[in-house]
Amino acid sequence: MEYGKRHPRIASRKEIFMELQKTSVNMDEFAKLSWKERICYGSGDLAQNLIFGTIGSMLLFYMTTVFGLSAAVGATIFLVVRCINVVWDPWVGTVVDKASFKSGKYKPFLLYFGIPLTIFSAMLFLPIPAIRGNVLYAFFSYLATALIYSFVNIPYGALNASLTRDSEEISTLTSVRMTEANIGNLLVYTFLPLFVQLASPDKKLQDIGFFGIKLNLGNYASPDAAGAYFMVMSVYMVIGFLLLLCTYYGITERVLPTKEETASVHISDLWGELKRNKPLRVLGLFFTVAFTFMFFGNTTWPFYMQYMIGHSEWMASINLIGSIPGIFLVFLWPIVRRKIGKRAFFYAFLSLFIVGQLLLWIWSMPQFRDMIALGYVGRFFMQWGLTAATGYMWALVPEVIAYGEYQSKKRVAGIINSLMGLFFKIGLALGGIIPGYINAFFAFDGTKAAQSADALTGISISMIWLPILFALVSMWIISRYPLGDHEIDKINREIQARK
């Protein structure tokens with residue numbers, strides 16, 4: 001032994017075991033996930049629906065009735081905020097891709113930004129008379145909420161591709177995720193309006209159209225209902241944040257970029273991906289169009305029930321029936337996809353959506369408006385087609401990320417998810433903006449209990465006919481998607497071998 005030389009310390013058994021365990025987790029990129037991890041990941045989508053889905057479903061209705069803004073002003077606020085998101089989201093994607101925390105790469109964002117998102121979302125519905133009708137308050141509170149939401153939504157989307165590369169596992173994970181997302185939709189689109197009506201003033205006993213149940217429901221289109229909105233929304237926001245914590249603590253990130261890849265990420269990679277990644281361009285366009293007609297329906301549905309059908313008290317029961325496919329029939333998605341293929345999957349369910357839309361249009365005819373069964377069937381088919389088409393497309397995002405990694409030798413899941421999030425938000429914006437401007441063009445007046453024939457025509461265009469047109473366009477777009485299951489599996493295994 002030579003004196004003066006320091007010999008390396010021999011690692012303990014515990015240290016060796018921990019290092020081997022860490023290596024096995026990092027290398028197991030085709031991992032089969034436990035049901036606990038699948039459910040914990042899906043709870044993040046449920047959380048985002050409770051927090052931000054409430055805004056997408058009720059904010060325009062709230063702004064133009066309870067808050068007192070005109071339809072044109074409400075639509076313009078949506079437009080300006082989404083234009084800002086066009087610049088904001090790609091920058092957020094770059095920040096996410098370059099970030100690194102001790103507790104993970106993507107999931108810490110859910111914790112750090114979930115708290116302010118919860119607070120700002122609730123502040124959109126502050127029941128303070130002094131700010132009622134204040135355009136600046138409505139604009140800046142919505143802008144702050146939308147900007148913070150990007151720091152939750154984009155890293156959450158990147159998590160989907162960081163858990164495993166196994167395509168069958170991703171398909172199952174997407175089914176679980178969308179089941180929980182649709183439970184969120186049930187809570188938002190079915191029970192949220194009901195809870196607000198139960199808490200609103202001017203109550204009267206009404207039949208809600210479900211097994212003869214009668215409830216004391218208030219007028220949720222009245223300025224006096226502001227306190228009811230704030231109370232219900234605040235509860236939803238807190239529950240949503242607790243679910244984000246469930247995701248944070250319940251998942252393991254396995255498929256991650258190397259330090260060299262992380263250091264080489266630049267915002268300019270966004271343009272490179274758009275240029276060379278054809279699946280990204282096709283799926284992005286599909287996202288935009290599909291979410292546009294999805295949010296057309298979400299935005300216009302309260303107006304449709306209030307003014308076209310004349311039975312707003314039936315909203316909860318109709319939506320409850322419509323939520324069944326998105327919760328209890330999601331298990332069929334992987335089966336149908338394996339039987340008929342990805343493209344035919346979308347063709348089938350988009351066609352089902354169109355059938356449901358036509359039944360809802362028939363329901364609006366004066367002789368059928370009191371036939372609640374027609375509303376049940378129409379909403380069931382419409383939602384079955386919609387939730388399947390707009391839900392399963394998230395399973396294609398990891399394919400797009402893998403294809404981009406294969407082409408550029410750089411894994412930029414955050415940037416790609418920021419782009420997908422941007423396409424989603426463009427659809428969200430158009431789905432909220434265009435119906436608002438259509439309402440304004442056709443002279444909708446939120447201060448009136450009954451609307452003119454022109455205003456009703458505008459509502460019908462937004463609720464029925466434009467979504468049908470967009471669904472047909474979506475079928476053509478998805479026909480251009482180039483990645484098959486065999487090809488994407490080969491790409492993933494070549495990437496792993498290259499590493």
# chains A, B, ... in the order shown; residues from 1 in each chain; ligands from 1
call {"tool": "select_by_dssp", "arguments": {"residues": "segment 142-342 of chain A", "states": "helix (DSSP H, G or I)", "output": "PyMOL selection string"}}
result
chain A and resi 142-162+167-199+223-250+259-263+269-276+278-309+312-322+324-328+332-340+342
call {"tool": "residues_around", "arguments": {"residues": "segment 45-55 of chain A", "least_positions_apart": "4", "cutoff": "9 Å", "atoms": "only C-alpha atoms", "output": "PyMOL selection string"}}
result
chain A and resi 41+59-60+117-118+121-122+124+145-146+149+152-153+156+177-185+187-189+192+233+236-244
call {"tool": "write_last_selection", "arguments": {"atoms": "C-alpha atoms", "output": "CSV table (one decimal), in the first residue's frame"}}
result
chain,number,residue,atom,x,y,z
A,41,TYR,CA,-51.9,10.1,-13.1
A,59,LEU,CA,-67.4,31.7,-17.7
A,60,LEU,CA,-68.9,33.1,-20.9
A,117,LEU,CA,-54.0,28.4,-10.2
A,118,THR,CA,-56.6,27.4,-7.5
A,121,SER,CA,-59.5,30.5,-10.8
A,122,ALA,CA,-61.8,31.3,-7.8
A,124,LEU,CA,-62.8,35.0,-11.5
A,145,THR,CA,-55.5,32.3,-14.6
A,146,ALA,CA,-54.8,31.3,-18.2
A,149,TYR,CA,-52.7,27.2,-16.1
A,152,VAL,CA,-49.8,23.0,-14.9
A,153,ASN,CA,-51.3,21.8,-18.2
A,156,TYR,CA,-48.9,17.4,-17.0
A,177,ARG,CA,-57.0,9.1,-17.7
A,178,MET,CA,-60.0,10.0,-19.8
A,179,THR,CA,-62.3,8.0,-17.5
A,180,GLU,CA,-61.3,10.3,-14.7
A,181,ALA,CA,-61.4,13.3,-17.0
A,182,ASN,CA,-65.0,12.5,-17.8
A,183,ILE,CA,-65.8,12.1,-14.2
A,184,GLY,CA,-64.6,15.7,-14.0
A,185,ASN,CA,-66.8,16.5,-16.9
A,187,LEU,CA,-69.0,17.1,-12.0
A,188,VAL,CA,-68.5,20.2,-14.1
A,189,TYR,CA,-71.2,20.0,-16.8
A,192,LEU,CA,-71.9,22.3,-11.3
A,233,MET,CA,-66.4,27.3,-7.7
A,236,TYR,CA,-64.3,22.7,-6.9
A,237,MET,CA,-60.9,24.5,-7.0
A,238,VAL,CA,-59.8,23.1,-3.6
A,239,ILE,CA,-60.8,19.6,-4.5
A,240,GLY,CA,-58.9,20.0,-7.8
A,241,PHE,CA,-55.7,21.0,-6.0
A,242,LEU,CA,-55.9,18.0,-3.7
A,243,LEU,CA,-56.2,15.8,-6.8
A,244,LEU,CA,-53.1,17.4,-8.3
call {"tool": "residues_around", "arguments": {"residues": "Ala413 of chain A", "least_positions_apart": "2", "cutoff": "9 Å", "atoms": "only C-alpha atoms", "output": "NGL selection string"}}
result
:A and (93 or 96-97 or 155 or 157-159 or 161-162 or 256-257 or 398 or 401-402 or 405 or 411 or 415-418)
call {"tool": "write_last_selection", "arguments": {"atoms": "N, CA, C and O atoms", "output": "short mmCIF file (atom, residue, chain, number, x, y, z; two decimals), in the first residue's frame"}}
result
data_model
loop_
_atom_site.label_atom_id
_atom_site.label_comp_id
_atom_site.auth_asym_id
_atom_site.auth_seq_id
_atom_site.Cartn_x
_atom_site.Cartn_y
_atom_site.Cartn_z
N GLY A 93 -43.25 25.85 -22.57
CA GLY A 93 -42.75 24.53 -22.96
C GLY A 93 -41.24 24.45 -22.89
O GLY A 93 -40.68 23.43 -22.44
N VAL A 96 -40.19 24.31 -19.23
CA VAL A 96 -40.45 22.97 -18.69
C VAL A 96 -39.37 21.99 -19.15
O VAL A 96 -38.87 21.18 -18.36
N ASP A 97 -39.01 22.03 -20.43
CA ASP A 97 -38.00 21.09 -20.94
C ASP A 97 -36.62 21.32 -20.35
O ASP A 97 -35.83 20.39 -20.21
N PRO A 155 -46.70 20.69 -18.38
CA PRO A 155 -45.94 19.59 -17.76
C PRO A 155 -46.79 18.35 -17.49
O PRO A 155 -46.28 17.23 -17.57
N GLY A 157 -49.16 17.25 -19.43
CA GLY A 157 -49.19 16.55 -20.70
C GLY A 157 -47.89 15.81 -20.98
O GLY A 157 -47.90 14.70 -21.52
N ALA A 158 -46.76 16.42 -20.61
CA ALA A 158 -45.46 15.77 -20.83
C ALA A 158 -45.30 14.52 -19.98
O ALA A 158 -44.57 13.59 -20.35
N LEU A 159 -45.97 14.48 -18.84
CA LEU A 159 -45.89 13.30 -17.96
C LEU A 159 -46.38 12.04 -18.66
O LEU A 159 -45.88 10.94 -18.40
N ALA A 161 -45.93 10.96 -21.59
CA ALA A 161 -44.87 10.30 -22.35
C ALA A 161 -43.67 9.95 -21.50
O ALA A 161 -42.75 9.27 -21.96
N SER A 162 -43.65 10.39 -20.24
CA SER A 162 -42.49 10.12 -19.39
C SER A 162 -42.67 8.89 -18.50
O SER A 162 -41.73 8.45 -17.84
N LEU A 256 -37.04 10.00 -19.63
CA LEU A 256 -36.63 11.39 -19.50
C LEU A 256 -35.43 11.69 -20.39
O LEU A 256 -34.63 10.80 -20.69
N PRO A 257 -35.28 12.94 -20.81
CA PRO A 257 -34.11 13.29 -21.61
C PRO A 257 -32.85 13.27 -20.76
O PRO A 257 -32.90 13.41 -19.54
N PRO A 398 -47.82 10.85 -27.21
CA PRO A 398 -46.51 10.19 -27.00
C PRO A 398 -45.91 9.67 -28.30
O PRO A 398 -44.68 9.63 -28.44
N ILE A 401 -44.20 12.60 -29.86
CA ILE A 401 -42.96 12.91 -29.13
C ILE A 401 -41.86 11.94 -29.51
O ILE A 401 -40.71 12.33 -29.76
N ALA A 402 -42.20 10.65 -29.57
CA ALA A 402 -41.20 9.64 -29.93
C ALA A 402 -40.71 9.84 -31.37
O ALA A 402 -39.51 9.71 -31.64
N GLU A 405 -38.29 12.68 -31.31
CA GLU A 405 -37.03 12.25 -30.70
C GLU A 405 -36.22 11.42 -31.68
O GLU A 405 -34.99 11.55 -31.75
N ARG A 411 -35.19 14.83 -27.07
CA ARG A 411 -36.53 14.61 -26.53
C ARG A 411 -37.06 15.92 -25.95
O ARG A 411 -36.63 16.35 -24.89
N ILE A 415 -41.86 21.00 -25.04
CA ILE A 415 -42.16 21.86 -26.19
C ILE A 415 -43.30 21.28 -27.02
O ILE A 415 -44.22 22.00 -27.43
N ILE A 416 -43.25 19.97 -27.27
CA ILE A 416 -44.32 19.36 -28.05
C ILE A 416 -45.65 19.46 -27.32
O ILE A 416 -46.69 19.77 -27.92
N ASN A 417 -45.63 19.24 -25.99
CA ASN A 417 -46.88 19.36 -25.24
C ASN A 417 -47.34 20.81 -25.15
O ASN A 417 -48.54 21.07 -25.04
N SER A 418 -46.38 21.76 -25.18
CA SER A 418 -46.80 23.16 -25.21
C SER A 418 -47.50 23.46 -26.53
O SER A 418 -48.48 24.21 -26.58
#
call {"tool": "closest_residue", "arguments": {"among": "A:Leu173, A:Met371, A:Val255, A:Val235", "to": "Ile318 of chain A", "atoms": "only C-alpha atoms"}}
result
A:Met371
call {"tool": "atom_distance", "arguments": {"atom1": "atom CA of Phe67 of chain A", "atom2": "atom CA of Ile208 of chain A"}}
result
25.7 Å
call {"tool": "closest_atom_pairs", "arguments": {"of": "segment 352-397 of chain A", "to": "segment 472-489 of chain A", "cutoff": "10 Å", "atoms": "only C-alpha atoms", "output": "CSV"}}
result
residue,atom,partner,partner_atom,distance
A:Ile354,CA,A:Leu472,CA,8.7
A:Ala389,CA,A:Ser474,CA,9.7
A:Met393,CA,A:Ile478,CA,9.8
A:Leu396,CA,A:Leu483,CA,9.1
call {"tool": "residues_around", "arguments": {"residues": "Leu274 of chain A", "least_positions_apart": "5", "cutoff": "10 Å", "atoms": "only C-alpha atoms", "output": "list of chain:residue names"}}
result
A:Asp269, A:Pro279, A:Leu280, A:Arg281, A:Gly284, A:Gly404, A:Ile416, A:Leu419
call {"tool": "write_last_selection", "arguments": {"atoms": "N, CA and C atoms", "output": "mmCIF file, in the first residue's frame"}}
result
data_model
loop_
_atom_site.group_PDB
_atom_site.id
_atom_site.type_symbol
_atom_site.label_atom_id
_atom_site.label_comp_id
_atom_site.auth_asym_id
_atom_site.auth_seq_id
_atom_site.Cartn_x
_atom_site.Cartn_y
_atom_site.Cartn_z
ATOM 1 N N ASP A 269 -36.348 25.110 -31.102
ATOM 2 C CA ASP A 269 -36.706 23.719 -31.393
ATOM 3 C C ASP A 269 -38.176 23.588 -31.778
ATOM 4 N N PRO A 279 -46.404 14.079 -38.254
ATOM 5 C CA PRO A 279 -47.461 13.655 -37.325
ATOM 6 C C PRO A 279 -47.862 14.760 -36.354
ATOM 7 N N LEU A 280 -46.894 15.582 -35.924
ATOM 8 C CA LEU A 280 -47.198 16.703 -35.031
ATOM 9 C C LEU A 280 -48.118 17.699 -35.719
ATOM 10 N N ARG A 281 -47.829 18.024 -36.978
ATOM 11 C CA ARG A 281 -48.653 19.002 -37.686
ATOM 12 C C ARG A 281 -50.080 18.484 -37.888
ATOM 13 N N GLY A 284 -51.800 18.241 -34.460
ATOM 14 C CA GLY A 284 -52.068 19.588 -33.959
ATOM 15 C C GLY A 284 -53.280 20.211 -34.621
ATOM 16 N N GLY A 404 -40.556 12.671 -32.978
ATOM 17 C CA GLY A 404 -39.672 13.827 -32.956
ATOM 18 C C GLY A 404 -38.313 13.497 -32.368
ATOM 19 N N ILE A 416 -43.247 19.974 -27.269
ATOM 20 C CA ILE A 416 -44.320 19.365 -28.055
ATOM 21 C C ILE A 416 -45.648 19.459 -27.317
ATOM 22 N N LEU A 419 -47.002 22.849 -27.624
ATOM 23 C CA LEU A 419 -47.672 23.020 -28.910
ATOM 24 C C LEU A 419 -49.054 22.371 -28.901
#
call {"tool": "residues_around", "arguments": {"residues": "Val87 of chain A", "least_positions_apart": "2", "cutoff": "12 Å", "atoms": "only C-alpha atoms", "output": "list in words"}}
result
Val80, Val81, Arg82, Cys83, Ile84, Asn85, Asp89, Pro90, Trp91, Val92, Gly93, Thr94, Leu147, Ser150, Ile267, Leu270, Ser418, Leu419, Leu422 and Ile426 of chain A
call {"tool": "write_last_selection", "arguments": {"atoms": "N, CA and C atoms", "output": "PDB file, in the first residue's frame"}}
result
ATOM      1  N   VAL A  80     -58.417  37.930 -26.847  1.00  0.00           N
ATOM      2  CA  VAL A  80     -57.146  38.571 -26.510  1.00  0.00           C
ATOM      3  C   VAL A  80     -56.286  37.653 -25.646  1.00  0.00           C
ATOM      4  N   VAL A  81     -56.899  37.010 -24.668  1.00  0.00           N
ATOM      5  CA  VAL A  81     -56.137  36.111 -23.784  1.00  0.00           C
ATOM      6  C   VAL A  81     -55.537  34.966 -24.584  1.00  0.00           C
ATOM      7  N   ARG A  82     -56.291  34.420 -25.518  1.00  0.00           N
ATOM      8  CA  ARG A  82     -55.768  33.307 -26.305  1.00  0.00           C
ATOM      9  C   ARG A  82     -54.671  33.760 -27.263  1.00  0.00           C
ATOM     10  N   CYS A  83     -54.746  34.972 -27.750  1.00  0.00           N
ATOM     11  CA  CYS A  83     -53.654  35.493 -28.580  1.00  0.00           C
ATOM     12  C   CYS A  83     -52.367  35.599 -27.764  1.00  0.00           C
ATOM     13  N   ILE A  84     -52.480  36.001 -26.524  1.00  0.00           N
ATOM     14  CA  ILE A  84     -51.310  36.063 -25.643  1.00  0.00           C
ATOM     15  C   ILE A  84     -50.758  34.660 -25.398  1.00  0.00           C
ATOM     16  N   ASN A  85     -51.655  33.687 -25.264  1.00  0.00           N
ATOM     17  CA  ASN A  85     -51.223  32.292 -25.068  1.00  0.00           C
ATOM     18  C   ASN A  85     -50.399  31.765 -26.234  1.00  0.00           C
ATOM     19  N   ASP A  89     -47.286  30.048 -24.396  1.00  0.00           N
ATOM     20  CA  ASP A  89     -47.191  28.603 -24.220  1.00  0.00           C
ATOM     21  C   ASP A  89     -45.891  27.996 -24.752  1.00  0.00           C
ATOM     22  N   PRO A  90     -45.414  28.388 -25.947  1.00  0.00           N
ATOM     23  CA  PRO A  90     -44.124  27.835 -26.388  1.00  0.00           C
ATOM     24  C   PRO A  90     -42.978  28.190 -25.444  1.00  0.00           C
ATOM     25  N   TRP A  91     -43.002  29.388 -24.887  1.00  0.00           N
ATOM     26  CA  TRP A  91     -41.978  29.758 -23.910  1.00  0.00           C
ATOM     27  C   TRP A  91     -42.078  28.877 -22.675  1.00  0.00           C
ATOM     28  N   VAL A  92     -43.305  28.626 -22.205  1.00  0.00           N
ATOM     29  CA  VAL A  92     -43.499  27.746 -21.048  1.00  0.00           C
ATOM     30  C   VAL A  92     -42.980  26.351 -21.361  1.00  0.00           C
ATOM     31  N   GLY A  93     -43.246  25.848 -22.569  1.00  0.00           N
ATOM     32  CA  GLY A  93     -42.747  24.532 -22.959  1.00  0.00           C
ATOM     33  C   GLY A  93     -41.235  24.445 -22.892  1.00  0.00           C
ATOM     34  N   THR A  94     -40.557  25.513 -23.306  1.00  0.00           N
ATOM     35  CA  THR A  94     -39.094  25.543 -23.229  1.00  0.00           C
ATOM     36  C   THR A  94     -38.626  25.541 -21.785  1.00  0.00           C
ATOM     37  N   LEU A 147     -52.502  32.145 -17.865  1.00  0.00           N
ATOM     38  CA  LEU A 147     -51.044  32.056 -17.917  1.00  0.00           C
ATOM     39  C   LEU A 147     -50.513  31.055 -16.887  1.00  0.00           C
ATOM     40  N   SER A 150     -51.033  27.297 -17.871  1.00  0.00           N
ATOM     41  CA  SER A 150     -50.058  26.716 -18.795  1.00  0.00           C
ATOM     42  C   SER A 150     -48.952  25.980 -18.046  1.00  0.00           C
ATOM     43  N   ILE A 267     -35.872  27.439 -27.543  1.00  0.00           N
ATOM     44  CA  ILE A 267     -37.231  27.713 -28.021  1.00  0.00           C
ATOM     45  C   ILE A 267     -37.326  27.547 -29.536  1.00  0.00           C
ATOM     46  N   LEU A 270     -38.974  24.539 -31.316  1.00  0.00           N
ATOM     47  CA  LEU A 270     -40.401  24.524 -31.648  1.00  0.00           C
ATOM     48  C   LEU A 270     -40.592  24.555 -33.158  1.00  0.00           C
ATOM     49  N   SER A 418     -46.382  21.759 -25.178  1.00  0.00           N
ATOM     50  CA  SER A 418     -46.798  23.165 -25.214  1.00  0.00           C
ATOM     51  C   SER A 418     -47.497  23.464 -26.534  1.00  0.00           C
ATOM     52  N   LEU A 419     -47.002  22.849 -27.624  1.00  0.00           N
ATOM     53  CA  LEU A 419     -47.672  23.020 -28.910  1.00  0.00           C
ATOM     54  C   LEU A 419     -49.054  22.371 -28.901  1.00  0.00           C
ATOM     55  N   LEU A 422     -51.161  24.430 -26.928  1.00  0.00           N
ATOM     56  CA  LEU A 422     -51.516  25.634 -27.671  1.00  0.00           C
ATOM     57  C   LEU A 422     -52.640  25.347 -28.657  1.00  0.00           C
ATOM     58  N   ILE A 426     -56.217  27.051 -28.573  1.00  0.00           N
ATOM     59  CA  ILE A 426     -56.798  27.744 -29.723  1.00  0.00           C
ATOM     60  C   ILE A 426     -58.216  27.230 -29.951  1.00  0.00           C
TER      61      ILE A 426
END
call {"tool": "closest_residue", "arguments": {"among": "A:Val232, A:Leu215, A:Ala31, A:Ala344", "to": "Phe195 of chain A", "atoms": "only C-alpha atoms"}}
result
A:Val232
call {"tool": "residues_around", "arguments": {"residues": "Pro435 of chain A", "least_positions_apart": "5", "cutoff": "10 Å", "atoms": "only C-alpha atoms", "output": "MDAnalysis selection string"}}
result
chainID A and resid 60 71:72 75 295:297 299:300 430 440:441 458:459 461:463 466
call {"tool": "atom_distance", "arguments": {"atom1": "atom CA of Leu374 of chain A", "atom2": "atom CA of Leu358 of chain A"}}
result
10.8 Å
call {"tool": "closest_residue", "arguments": {"among": "A:Leu360, A:Gly212, A:Thr172, A:Gly385", "to": "Phe331 of chain A", "atoms": "only C-alpha atoms"}}
result
A:Thr172
